[in-house]
file input-v7.pdb (PDB, C-alpha atoms)
ATOM      1  CA  MET T   1       0.000   0.000   0.000  1.00  0.00           C
ATOM      2  CA  THR T   2       1.290   3.477  -0.882  1.00  0.00           C
ATOM      3  CA  THR T   3       2.203   5.434   2.246  1.00  0.00           C
ATOM      4  CA  ILE T   4       1.305   9.139   2.156  1.00  0.00           C
ATOM      5  CA  THR T   5       2.448  11.658   4.785  1.00  0.00           C
ATOM      6  CA  ILE T   6       0.649  15.012   4.760  1.00  0.00           C
ATOM      7  CA  ARG T   7       2.380  18.313   5.495  1.00  0.00           C
ATOM      8  CA  PRO T   8      -0.588  20.567   6.415  1.00  0.00           C
ATOM      9  CA  SER T   9      -0.677  24.131   5.167  1.00  0.00           C
ATOM     10  CA  ASP T  10      -1.181  25.564   8.644  1.00  0.00           C
ATOM     11  CA  ALA T  11       1.849  23.663  10.007  1.00  0.00           C
ATOM     12  CA  ARG T  12       4.256  25.479   7.681  1.00  0.00           C
ATOM     13  CA  GLY T  13       6.615  28.163   8.818  1.00  0.00           C
ATOM     14  CA  HIS T  14       5.199  31.669   8.333  1.00  0.00           C
ATOM     15  CA  GLU T  15       6.758  35.107   8.177  1.00  0.00           C
ATOM     16  CA  ASN T  16       4.913  38.309   7.347  1.00  0.00           C
ATOM     17  CA  HIS T  17       7.196  41.277   6.725  1.00  0.00           C
ATOM     18  CA  GLY T  18       4.405  43.550   5.477  1.00  0.00           C
ATOM     19  CA  TRP T  19       5.760  43.747   1.941  1.00  0.00           C
ATOM     20  CA  LEU T  20       6.216  39.936   1.907  1.00  0.00           C
ATOM     21  CA  ASP T  21       3.879  37.265   3.258  1.00  0.00           C
ATOM     22  CA  SER T  22       5.699  33.929   3.040  1.00  0.00           C
ATOM     23  CA  PHE T  23       4.900  30.346   4.015  1.00  0.00           C
ATOM     24  CA  HIS T  24       7.734  27.808   4.245  1.00  0.00           C
ATOM     25  CA  THR T  25       7.027  24.113   3.663  1.00  0.00           C
ATOM     26  CA  PHE T  26      10.583  23.305   4.794  1.00  0.00           C
ATOM     27  CA  SER T  27      13.064  25.067   7.093  1.00  0.00           C
ATOM     28  CA  PHE T  28      14.078  28.417   5.635  1.00  0.00           C
ATOM     29  CA  ALA T  29      15.609  31.666   6.912  1.00  0.00           C
ATOM     30  CA  HIS T  30      14.454  32.222  10.534  1.00  0.00           C
ATOM     31  CA  TYR T  31      12.126  29.210  10.438  1.00  0.00           C
ATOM     32  CA  HIS T  32      13.924  26.027  11.508  1.00  0.00           C
ATOM     33  CA  ASP T  33      12.329  22.641  12.105  1.00  0.00           C
ATOM     34  CA  PRO T  34      14.746  19.677  12.151  1.00  0.00           C
ATOM     35  CA  ASN T  35      11.860  17.389  11.162  1.00  0.00           C
ATOM     36  CA  HIS T  36      11.208  19.386   7.977  1.00  0.00           C
ATOM     37  CA  MET T  37      14.521  20.104   6.292  1.00  0.00           C
ATOM     38  CA  GLY T  38      13.376  18.976   2.837  1.00  0.00           C
ATOM     39  CA  PHE T  39      12.423  15.786   1.068  1.00  0.00           C
ATOM     40  CA  GLY T  40      15.043  13.987  -1.010  1.00  0.00           C
ATOM     41  CA  PRO T  41      16.711  16.629  -3.208  1.00  0.00           C
ATOM     42  CA  LEU T  42      13.778  19.013  -2.685  1.00  0.00           C
ATOM     43  CA  ARG T  43      15.013  21.636  -0.232  1.00  0.00           C
ATOM     44  CA  VAL T  44      12.598  24.626  -0.378  1.00  0.00           C
ATOM     45  CA  ILE T  45       8.976  25.299  -1.286  1.00  0.00           C
ATOM     46  CA  ASN T  46       8.078  28.850  -0.338  1.00  0.00           C
ATOM     47  CA  GLU T  47       4.664  30.302  -1.106  1.00  0.00           C
ATOM     48  CA  ASP T  48       5.261  34.039  -1.428  1.00  0.00           C
ATOM     49  CA  ARG T  49       2.941  37.007  -1.818  1.00  0.00           C
ATOM     50  CA  VAL T  50       4.742  40.264  -2.554  1.00  0.00           C
ATOM     51  CA  GLU T  51       3.069  43.671  -2.376  1.00  0.00           C
ATOM     52  CA  PRO T  52       3.002  45.995  -5.426  1.00  0.00           C
ATOM     53  CA  GLY T  53       6.357  47.473  -6.352  1.00  0.00           C
ATOM     54  CA  MET T  54       8.191  45.550  -3.627  1.00  0.00           C
ATOM     55  CA  GLY T  55      10.585  42.632  -3.788  1.00  0.00           C
ATOM     56  CA  PHE T  56      13.900  41.005  -3.032  1.00  0.00           C
ATOM     57  CA  GLY T  57      16.916  43.217  -3.721  1.00  0.00           C
ATOM     58  CA  THR T  58      20.038  41.872  -5.371  1.00  0.00           C
ATOM     59  CA  HIS T  59      21.390  38.877  -3.451  1.00  0.00           C
ATOM     60  CA  GLY T  60      23.519  35.836  -4.175  1.00  0.00           C
ATOM     61  CA  HIS T  61      23.033  32.072  -4.465  1.00  0.00           C
ATOM     62  CA  SER T  62      25.266  29.138  -5.303  1.00  0.00           C
ATOM     63  CA  ASP T  63      24.867  25.419  -5.997  1.00  0.00           C
ATOM     64  CA  MET T  64      21.074  25.357  -6.132  1.00  0.00           C
ATOM     65  CA  GLU T  65      18.396  24.858  -8.807  1.00  0.00           C
ATOM     66  CA  ILE T  66      15.806  27.609  -8.231  1.00  0.00           C
ATOM     67  CA  ILE T  67      12.395  27.362  -9.878  1.00  0.00           C
ATOM     68  CA  SER T  68       9.729  30.082  -9.791  1.00  0.00           C
ATOM     69  CA  TYR T  69       6.104  29.212 -10.587  1.00  0.00           C
ATOM     70  CA  VAL T  70       3.760  32.211 -10.771  1.00  0.00           C
ATOM     71  CA  LEU T  71       0.131  31.795  -9.700  1.00  0.00           C
ATOM     72  CA  GLU T  72      -1.064  35.424  -9.879  1.00  0.00           C
ATOM     73  CA  GLY T  73       0.465  38.700 -10.964  1.00  0.00           C
ATOM     74  CA  ALA T  74       3.852  39.352 -12.552  1.00  0.00           C
ATOM     75  CA  LEU T  75       7.357  38.706 -11.226  1.00  0.00           C
ATOM     76  CA  GLU T  76      10.312  40.692 -12.517  1.00  0.00           C
ATOM     77  CA  HIS T  77      13.768  39.051 -12.569  1.00  0.00           C
ATOM     78  CA  LYS T  78      17.259  40.418 -13.204  1.00  0.00           C
ATOM     79  CA  ASP T  79      20.544  38.555 -12.720  1.00  0.00           C
ATOM     80  CA  SER T  80      24.297  38.896 -12.976  1.00  0.00           C
ATOM     81  CA  ILE T  81      24.600  36.756 -16.123  1.00  0.00           C
ATOM     82  CA  GLY T  82      22.591  39.219 -18.200  1.00  0.00           C
ATOM     83  CA  ASN T  83      19.014  37.971 -17.955  1.00  0.00           C
ATOM     84  CA  GLY T  84      16.073  40.259 -17.349  1.00  0.00           C
ATOM     85  CA  SER T  85      12.436  39.262 -17.762  1.00  0.00           C
ATOM     86  CA  VAL T  86       8.931  39.410 -16.345  1.00  0.00           C
ATOM     87  CA  ILE T  87       7.134  36.121 -15.792  1.00  0.00           C
ATOM     88  CA  PHE T  88       3.377  35.602 -15.507  1.00  0.00           C
ATOM     89  CA  PRO T  89       1.021  32.720 -14.593  1.00  0.00           C
ATOM     90  CA  GLY T  90       1.912  29.757 -16.769  1.00  0.00           C
ATOM     91  CA  ASP T  91       5.586  30.704 -16.924  1.00  0.00           C
ATOM     92  CA  VAL T  92       8.181  28.454 -15.307  1.00  0.00           C
ATOM     93  CA  GLN T  93      11.578  29.976 -14.591  1.00  0.00           C
ATOM     94  CA  ARG T  94      14.653  27.880 -13.776  1.00  0.00           C
ATOM     95  CA  MET T  95      17.860  29.458 -12.541  1.00  0.00           C
ATOM     96  CA  SER T  96      20.917  27.297 -11.851  1.00  0.00           C
ATOM     97  CA  ALA T  97      23.012  29.181  -9.324  1.00  0.00           C
ATOM     98  CA  GLY T  98      26.022  26.905  -9.776  1.00  0.00           C
ATOM     99  CA  THR T  99      29.367  28.565  -9.020  1.00  0.00           C
ATOM    100  CA  GLY T 100      27.535  31.757  -8.048  1.00  0.00           C
ATOM    101  CA  ILE T 101      24.886  34.132  -9.322  1.00  0.00           C
ATOM    102  CA  ARG T 102      23.340  37.345  -8.064  1.00  0.00           C
ATOM    103  CA  HIS T 103      19.747  38.278  -8.845  1.00  0.00           C
ATOM    104  CA  SER T 104      16.772  40.363  -7.796  1.00  0.00           C
ATOM    105  CA  GLU T 105      13.039  39.592  -7.838  1.00  0.00           C
ATOM    106  CA  PHE T 106      10.364  42.275  -7.695  1.00  0.00           C
ATOM    107  CA  ASN T 107       6.644  42.566  -8.115  1.00  0.00           C
ATOM    108  CA  HIS T 108       6.414  44.094 -11.584  1.00  0.00           C
ATOM    109  CA  SER T 109       3.017  45.662 -10.865  1.00  0.00           C
ATOM    110  CA  SER T 110       2.387  48.902  -9.017  1.00  0.00           C
ATOM    111  CA  ALA T 111      -1.201  47.876  -8.272  1.00  0.00           C
ATOM    112  CA  GLU T 112      -1.510  44.113  -7.712  1.00  0.00           C
ATOM    113  CA  ARG T 113       0.252  41.558  -5.515  1.00  0.00           C
ATOM    114  CA  VAL T 114       2.282  38.794  -7.086  1.00  0.00           C
ATOM    115  CA  HIS T 115       1.709  35.273  -5.750  1.00  0.00           C
ATOM    116  CA  PHE T 116       4.229  32.587  -6.607  1.00  0.00           C
ATOM    117  CA  LEU T 117       5.967  29.428  -5.474  1.00  0.00           C
ATOM    118  CA  GLN T 118       9.730  29.435  -5.191  1.00  0.00           C
ATOM    119  CA  ILE T 119      11.255  25.966  -5.270  1.00  0.00           C
ATOM    120  CA  TRP T 120      14.848  24.983  -4.524  1.00  0.00           C
ATOM    121  CA  ILE T 121      16.295  21.650  -5.624  1.00  0.00           C
ATOM    122  CA  MET T 122      19.826  20.525  -4.770  1.00  0.00           C
ATOM    123  CA  PRO T 123      21.781  19.933  -8.007  1.00  0.00           C
ATOM    124  CA  GLU T 124      23.422  16.637  -8.872  1.00  0.00           C
ATOM    125  CA  ARG T 125      26.862  18.171  -8.316  1.00  0.00           C
ATOM    126  CA  LYS T 126      28.428  21.408  -7.198  1.00  0.00           C
ATOM    127  CA  GLY T 127      30.269  23.837  -9.433  1.00  0.00           C
ATOM    128  CA  LEU T 128      27.887  23.954 -12.408  1.00  0.00           C
ATOM    129  CA  ALA T 129      28.032  26.972 -14.684  1.00  0.00           C
ATOM    130  CA  PRO T 130      25.258  29.439 -13.775  1.00  0.00           C
ATOM    131  CA  SER T 131      22.390  29.365 -16.287  1.00  0.00           C
ATOM    132  CA  TYR T 132      18.818  30.536 -16.800  1.00  0.00           C
ATOM    133  CA  GLU T 133      15.758  29.282 -18.646  1.00  0.00           C
ATOM    134  CA  GLU T 134      12.059  30.071 -18.808  1.00  0.00           C
ATOM    135  CA  LYS T 135       9.152  28.461 -20.638  1.00  0.00           C
ATOM    136  CA  ASN T 136       5.402  28.923 -20.763  1.00  0.00           C
ATOM    137  CA  PHE T 137       2.833  26.181 -20.146  1.00  0.00           C
ATOM    138  CA  SER T 138      -0.733  27.297 -20.808  1.00  0.00           C
ATOM    139  CA  ASP T 139      -3.684  26.342 -18.627  1.00  0.00           C
ATOM    140  CA  ASP T 140      -5.019  24.257 -21.509  1.00  0.00           C
ATOM    141  CA  ASP T 141      -1.705  22.385 -21.629  1.00  0.00           C
ATOM    142  CA  LYS T 142      -2.074  21.426 -17.949  1.00  0.00           C
ATOM    143  CA  ARG T 143      -5.827  20.917 -17.790  1.00  0.00           C
ATOM    144  CA  GLY T 144      -6.908  17.372 -17.005  1.00  0.00           C
ATOM    145  CA  ARG T 145      -3.393  15.945 -17.338  1.00  0.00           C
ATOM    146  CA  LEU T 146      -0.024  15.871 -15.652  1.00  0.00           C
ATOM    147  CA  ARG T 147       2.090  18.145 -17.829  1.00  0.00           C
ATOM    148  CA  LEU T 148       5.851  17.717 -17.485  1.00  0.00           C
ATOM    149  CA  ILE T 149       7.280  21.188 -16.837  1.00  0.00           C
ATOM    150  CA  GLY T 150      10.761  20.294 -15.537  1.00  0.00           C
ATOM    151  CA  SER T 151      13.084  17.316 -16.014  1.00  0.00           C
ATOM    152  CA  ARG T 152      16.716  16.245 -16.009  1.00  0.00           C
ATOM    153  CA  ASP T 153      16.819  15.938 -19.819  1.00  0.00           C
ATOM    154  CA  GLY T 154      14.458  18.794 -20.719  1.00  0.00           C
ATOM    155  CA  ARG T 155      12.185  16.421 -22.605  1.00  0.00           C
ATOM    156  CA  ASP T 156       8.732  17.325 -23.921  1.00  0.00           C
ATOM    157  CA  GLY T 157       9.604  21.004 -23.846  1.00  0.00           C
ATOM    158  CA  SER T 158      10.203  21.123 -20.086  1.00  0.00           C
ATOM    159  CA  VAL T 159      12.831  23.273 -18.407  1.00  0.00           C
ATOM    160  CA  THR T 160      16.064  21.463 -17.564  1.00  0.00           C
ATOM    161  CA  ILE T 161      16.712  20.656 -13.894  1.00  0.00           C
ATOM    162  CA  HIS T 162      20.223  19.482 -13.057  1.00  0.00           C
ATOM    163  CA  ARG T 163      18.953  16.613 -10.928  1.00  0.00           C
ATOM    164  CA  ASP T 164      16.945  13.427 -11.536  1.00  0.00           C
ATOM    165  CA  VAL T 165      13.608  15.131 -10.856  1.00  0.00           C
ATOM    166  CA  ASP T 166      10.480  15.101 -13.013  1.00  0.00           C
ATOM    167  CA  LEU T 167       8.205  18.007 -12.132  1.00  0.00           C
ATOM    168  CA  TYR T 168       4.600  17.929 -13.332  1.00  0.00           C
ATOM    169  CA  ALA T 169       1.780  20.477 -13.107  1.00  0.00           C
ATOM    170  CA  SER T 170      -1.925  19.806 -13.423  1.00  0.00           C
ATOM    171  CA  ILE T 171      -5.131  21.852 -13.397  1.00  0.00           C
ATOM    172  CA  LEU T 172      -8.171  19.809 -12.414  1.00  0.00           C
ATOM    173  CA  LYS T 173     -11.892  20.496 -12.273  1.00  0.00           C
ATOM    174  CA  GLY T 174     -13.981  18.962  -9.499  1.00  0.00           C
ATOM    175  CA  GLY T 175     -14.277  15.231 -10.197  1.00  0.00           C
ATOM    176  CA  GLU T 176     -11.530  15.257 -12.818  1.00  0.00           C
ATOM    177  CA  ALA T 177      -8.648  12.844 -12.102  1.00  0.00           C
ATOM    178  CA  VAL T 178      -5.133  11.988 -13.261  1.00  0.00           C
ATOM    179  CA  THR T 179      -2.861   9.116 -12.224  1.00  0.00           C
ATOM    180  CA  HIS T 180       0.886   8.705 -11.886  1.00  0.00           C
ATOM    181  CA  GLU T 181       2.839   5.513 -11.266  1.00  0.00           C
ATOM    182  CA  LEU T 182       5.672   5.996  -8.790  1.00  0.00           C
ATOM    183  CA  GLN T 183       8.433   3.490  -9.440  1.00  0.00           C
ATOM    184  CA  ALA T 184      10.396   1.612  -6.776  1.00  0.00           C
ATOM    185  CA  GLY T 185      13.343   3.523  -5.395  1.00  0.00           C
ATOM    186  CA  ARG T 186      11.834   6.945  -6.102  1.00  0.00           C
ATOM    187  CA  GLY T 187       9.936   9.406  -3.949  1.00  0.00           C
ATOM    188  CA  ALA T 188       7.183  11.884  -4.709  1.00  0.00           C
ATOM    189  CA  TRP T 189       6.115  15.210  -3.290  1.00  0.00           C
ATOM    190  CA  ILE T 190       2.710  16.715  -4.081  1.00  0.00           C
ATOM    191  CA  GLN T 191       2.086  20.417  -3.472  1.00  0.00           C
ATOM    192  CA  VAL T 192      -1.391  21.914  -3.833  1.00  0.00           C
ATOM    193  CA  ALA T 193      -1.098  25.427  -5.238  1.00  0.00           C
ATOM    194  CA  ARG T 194      -4.820  26.241  -5.174  1.00  0.00           C
ATOM    195  CA  GLY T 195      -8.140  24.529  -4.648  1.00  0.00           C
ATOM    196  CA  SER T 196      -8.314  21.062  -3.141  1.00  0.00           C
ATOM    197  CA  VAL T 197      -7.704  17.522  -4.339  1.00  0.00           C
ATOM    198  CA  LYS T 198      -7.898  13.940  -3.193  1.00  0.00           C
ATOM    199  CA  LEU T 199      -4.582  12.100  -3.288  1.00  0.00           C
ATOM    200  CA  ASN T 200      -5.640   8.465  -3.264  1.00  0.00           C
ATOM    201  CA  ASP T 201      -7.754   8.463  -0.064  1.00  0.00           C
ATOM    202  CA  LYS T 202      -6.361  11.678   1.446  1.00  0.00           C
ATOM    203  CA  THR T 203      -7.836  15.149   0.952  1.00  0.00           C
ATOM    204  CA  LEU T 204      -5.397  18.028   0.464  1.00  0.00           C
ATOM    205  CA  LYS T 205      -6.235  21.724   0.355  1.00  0.00           C
ATOM    206  CA  ALA T 206      -4.333  24.743  -0.947  1.00  0.00           C
ATOM    207  CA  GLY T 207      -0.925  24.985   0.703  1.00  0.00           C
ATOM    208  CA  ASP T 208      -0.879  21.358   1.806  1.00  0.00           C
ATOM    209  CA  GLY T 209       1.953  19.098   0.723  1.00  0.00           C
ATOM    210  CA  ALA T 210       2.358  15.346   0.879  1.00  0.00           C
ATOM    211  CA  SER T 211       5.324  12.997   0.635  1.00  0.00           C
ATOM    212  CA  VAL T 212       5.230   9.510  -0.814  1.00  0.00           C
ATOM    213  CA  ALA T 213       8.163   7.162  -0.220  1.00  0.00           C
ATOM    214  CA  THR T 214       6.726   3.863  -1.502  1.00  0.00           C
ATOM    215  CA  ALA T 215       6.041   2.733  -5.047  1.00  0.00           C
ATOM    216  CA  GLY T 216       2.523   2.569  -6.395  1.00  0.00           C
ATOM    217  CA  GLU T 217      -0.228   4.429  -8.197  1.00  0.00           C
ATOM    218  CA  LEU T 218      -0.957   7.999  -7.208  1.00  0.00           C
ATOM    219  CA  LYS T 219      -4.400   9.277  -8.136  1.00  0.00           C
ATOM    220  CA  LEU T 220      -5.103  13.001  -7.986  1.00  0.00           C
ATOM    221  CA  GLU T 221      -8.763  14.001  -8.205  1.00  0.00           C
ATOM    222  CA  GLY T 222     -10.086  17.540  -8.050  1.00  0.00           C
ATOM    223  CA  VAL T 223     -12.462  18.175  -5.163  1.00  0.00           C
ATOM    224  CA  ASP T 224     -13.015  21.630  -6.599  1.00  0.00           C
ATOM    225  CA  ASP T 225     -11.041  23.546  -9.222  1.00  0.00           C
ATOM    226  CA  ALA T 226      -7.405  22.936  -8.297  1.00  0.00           C
ATOM    227  CA  GLU T 227      -3.823  23.396  -9.431  1.00  0.00           C
ATOM    228  CA  VAL T 228      -1.190  20.989  -8.179  1.00  0.00           C
ATOM    229  CA  LEU T 229       2.504  20.192  -8.630  1.00  0.00           C
ATOM    230  CA  LEU T 230       3.935  16.676  -8.473  1.00  0.00           C
ATOM    231  CA  PHE T 231       7.649  15.952  -8.038  1.00  0.00           C
ATOM    232  CA  ASP T 232       8.907  12.448  -8.957  1.00  0.00           C
ATOM    233  CA  MET T 233      12.480  12.182  -7.652  1.00  0.00           C
ATOM    234  CA  ALA T 234      15.412   9.863  -7.243  1.00  0.00           C
ATOM    235  CA  PRO T 235      16.975  10.092  -3.751  1.00  0.00           C
TER     236      PRO T 235
END

call {"tool": "encode", "arguments": {"input": "input-v7.pdb", "output": "C-alpha cells"}}
result
Amino acid sequence: MTTITIRPSDARGHENHGWLDSFHTFSFAHYHDPNHMGFGPLRVINEDRVEPGMGFGTHGHSDMEIISYVLEGALEHKDSIGNGSVIFPGDVQRMSAGTGIRHSEFNHSSAERVHFLQIWIMPERKGLAPSYEEKNFSDDDKRGRLRLIGSRDGRDGSVTIHRDVDLYASILKGGEAVTHELQAGRGAWIQVARGSVKLNDKTLKAGDGASVATAGELKLEGVDDAEVLLFDMAP
C-alpha cells in the first residue's frame, strides 16, 4: 500500500514582513524545524505574496536549482549573467546558481500583488556553470493531465533541472482525475497550489503538501477547481 504523509498548510513556517507574506514548507531563513529540512533533493517550497512594487533586492546564491512558478500577478527578474524578464502565470523559470549568481526579484506591478511558489532543488553536483531558462505552459496544456514542466533531460519542452527530478503540473476540475505511477526507489512530493484535491484516499487543500516514499499508483482528483505540482524524484 502506498504510504502518504501530509504536510498541512497551517503547520508550515510563516513570516509576514508587510511587503512579503511567506509560508515555508521546509526550514528556511528564521524558520527552523529539524523534522522538515526537505524531502530527497527538494530543499525549499516557499509560497510568497509580494506587495506591489516591492521585492527582493540583489542577493547571491550558489549550488542550487531555483524554480519560480507564478500563480497570480507578474514577477520581474534580473541577474548577474545578463538575464532580465517578467514572468506571468503559466511561466516556469529555472535558474541554476552553480558557481555563483546574483539576482533580484520584484513585483512588476504597481497595483496588484504577485503570488508565486519558489522551489529549490539541490543539483546533482556542485560547481555547475550558472544558467537561466524560462518556458510557458498554458492552462489548456495542464488541464486534465499531468504536464511535465521540468526534467533532467528537458524532454517534452520542459525546463532542464540538473537533478533526476520530473516536475509535473496539473489543473483539475472537481471530479476530474489523473494518475501517476511511482516506481520503486523513487519518492514523490505533491504540493497543492490552489483549490483542493484527493490524493488516493487523502484530501489536500491549498498549501498542503504530501510525501510519498513507496512505489505505487498515485491518483489526484479535483475536489473543486485545483492546481497541483507533483515531483517524482530519485533520492

call {"tool": "atom_distance", "arguments": {"input": "input-v7.pdb", "atom1": "CA of Ala234 in chain T", "atom2": "CA of Gly100 in chain T"}}
result
25.0 Å

call {"tool": "closest_residue", "arguments": {"input": "input-v7.pdb", "among": "T:Ser158, T:Leu128, T:Gly144, T:Ala193", "to": "Ala177 in chain T", "atoms": "only C-alpha atoms"}}
result
T:Gly144

call {"tool": "residues_around", "arguments": {"input": "input-v7.pdb", "residues": "His77 in chain T", "least_positions_apart": "3", "cutoff": "7 Å", "atoms": "only C-alpha atoms", "output": "compact mmCIF listing (two decimals) with C-alpha atoms, keeping the file's coordinate frame"}}
result
# COMPACT_ATOMS: atom_id res chain seq x y z
CA GLY T 84 16.07 40.26 -17.35
CA SER T 85 12.44 39.26 -17.76
CA VAL T 86 8.93 39.41 -16.34
CA SER T 104 16.77 40.36 -7.80
CA GLU T 105 13.04 39.59 -7.84
CA PHE T 106 10.36 42.28 -7.70

call {"tool": "closest_residue", "arguments": {"input": "input-v7.pdb", "among": "T:Arg12, T:Gly55, T:Lys135, T:Glu217", "to": "Met37 in chain T", "atoms": "only C-alpha atoms"}}
result
T:Arg12

call {"tool": "atom_distance", "arguments": {"input": "input-v7.pdb", "atom1": "CA of Thr25 in chain T", "atom2": "CA of Phe116 in chain T"}}
result
13.6 Å

call {"tool": "residues_around", "arguments": {"input": "input-v7.pdb", "residues": "range 59-69 of chain T", "least_positions_apart": "6", "cutoff": "8 Å", "atoms": "all atoms listed in the file", "output": "PyMOL selection string"}}
result
chain T and resi 89-104+116-123+125-128+161-162

call {"tool": "atom_distance", "arguments": {"input": "input-v7.pdb", "atom1": "CA of Glu227 in chain T", "atom2": "CA of Val159 in chain T"}}
result
18.9 Å

call {"tool": "closest_residue", "arguments": {"input": "input-v7.pdb", "among": "T:Glu134, T:Asp79, T:Arg145, T:Ala74", "to": "His108 in chain T", "atoms": "only C-alpha atoms"}}
result
T:Ala74

call {"tool": "resolve_selection", "arguments": {"input": "input-v7.pdb", "expression": "the PyMOL selection byres ((chain T and resi 230) around 8)", "output": "list in words"}}
result
Leu167, Tyr168, Ala169, Ala188, Trp189, Ile190, Gln191, Val228, Leu229, Phe231 and Asp232 of chain T

call {"tool": "write_last_selection", "arguments": {"input": "input-v7.pdb", "atoms": "C-alpha atoms", "output": "short mmCIF file (atom, residue, chain, number, x, y, z; two decimals), in the frame of the given file"}}
result
data_model
loop_
_atom_site.label_atom_id
_atom_site.label_comp_id
_atom_site.auth_asym_id
_atom_site.auth_seq_id
_atom_site.Cartn_x
_atom_site.Cartn_y
_atom_site.Cartn_z
CA LEU T 167 8.20 18.01 -12.13
CA TYR T 168 4.60 17.93 -13.33
CA ALA T 169 1.78 20.48 -13.11
CA ALA T 188 7.18 11.88 -4.71
CA TRP T 189 6.12 15.21 -3.29
CA ILE T 190 2.71 16.72 -4.08
CA GLN T 191 2.09 20.42 -3.47
CA VAL T 228 -1.19 20.99 -8.18
CA LEU T 229 2.50 20.19 -8.63
CA PHE T 231 7.65 15.95 -8.04
CA ASP T 232 8.91 12.45 -8.96
#

call {"tool": "build_atoms", "arguments": {"input": "input-v7.pdb", "residues": "range 95-109 of chain T", "atoms": "N, CA and C atoms", "output": "PDB file, keeping the file's coordinate frame"}}
result
ATOM      1  N   MET T  95      16.551  28.837 -12.647  1.00  0.00           N
ATOM      2  CA  MET T  95      17.860  29.458 -12.541  1.00  0.00           C
ATOM      3  C   MET T  95      18.793  28.492 -11.824  1.00  0.00           C
ATOM      4  N   SER T  96      19.889  28.121 -12.481  1.00  0.00           N
ATOM      5  CA  SER T  96      20.917  27.297 -11.851  1.00  0.00           C
ATOM      6  C   SER T  96      21.971  28.227 -11.283  1.00  0.00           C
ATOM      7  N   ALA T  97      22.080  28.254  -9.955  1.00  0.00           N
ATOM      8  CA  ALA T  97      23.012  29.181  -9.324  1.00  0.00           C
ATOM      9  C   ALA T  97      24.459  28.745  -9.512  1.00  0.00           C
ATOM     10  N   GLY T  98      24.704  27.442  -9.483  1.00  0.00           N
ATOM     11  CA  GLY T  98      26.022  26.905  -9.776  1.00  0.00           C
ATOM     12  C   GLY T  98      27.137  27.558  -8.978  1.00  0.00           C
ATOM     13  N   THR T  99      28.192  27.982  -9.682  1.00  0.00           N
ATOM     14  CA  THR T  99      29.367  28.565  -9.020  1.00  0.00           C
ATOM     15  C   THR T  99      29.087  29.931  -8.411  1.00  0.00           C
ATOM     16  N   GLY T 100      27.918  30.492  -8.672  1.00  0.00           N
ATOM     17  CA  GLY T 100      27.535  31.757  -8.048  1.00  0.00           C
ATOM     18  C   GLY T 100      26.797  32.667  -9.000  1.00  0.00           C
ATOM     19  N   ILE T 101      25.673  33.192  -8.534  1.00  0.00           N
ATOM     20  CA  ILE T 101      24.886  34.132  -9.322  1.00  0.00           C
ATOM     21  C   ILE T 101      24.235  35.121  -8.362  1.00  0.00           C
ATOM     22  N   ARG T 102      24.051  36.341  -8.817  1.00  0.00           N
ATOM     23  CA  ARG T 102      23.340  37.345  -8.064  1.00  0.00           C
ATOM     24  C   ARG T 102      22.097  37.738  -8.850  1.00  0.00           C
ATOM     25  N   HIS T 103      20.986  37.919  -8.147  1.00  0.00           N
ATOM     26  CA  HIS T 103      19.747  38.278  -8.845  1.00  0.00           C
ATOM     27  C   HIS T 103      18.830  39.067  -7.930  1.00  0.00           C
ATOM     28  N   SER T 104      17.826  39.668  -8.542  1.00  0.00           N
ATOM     29  CA  SER T 104      16.772  40.363  -7.796  1.00  0.00           C
ATOM     30  C   SER T 104      15.426  39.898  -8.331  1.00  0.00           C
ATOM     31  N   GLU T 105      14.414  39.957  -7.470  1.00  0.00           N
ATOM     32  CA  GLU T 105      13.039  39.592  -7.838  1.00  0.00           C
ATOM     33  C   GLU T 105      12.109  40.651  -7.264  1.00  0.00           C
ATOM     34  N   PHE T 106      11.292  41.235  -8.126  1.00  0.00           N
ATOM     35  CA  PHE T 106      10.364  42.275  -7.695  1.00  0.00           C
ATOM     36  C   PHE T 106       8.986  42.039  -8.282  1.00  0.00           C
ATOM     37  N   ASN T 107       7.987  42.505  -7.561  1.00  0.00           N
ATOM     38  CA  ASN T 107       6.644  42.566  -8.115  1.00  0.00           C
ATOM     39  C   ASN T 107       6.667  43.621  -9.221  1.00  0.00           C
ATOM     40  N   HIS T 108       6.357  43.203 -10.430  1.00  0.00           N
ATOM     41  CA  HIS T 108       6.414  44.094 -11.584  1.00  0.00           C
ATOM     42  C   HIS T 108       5.275  45.107 -11.589  1.00  0.00           C
ATOM     43  N   SER T 109       4.206  44.808 -10.855  1.00  0.00           N
ATOM     44  CA  SER T 109       3.017  45.662 -10.865  1.00  0.00           C
ATOM     45  C   SER T 109       3.078  46.708  -9.755  1.00  0.00           C
TER      46      SER T 109
END
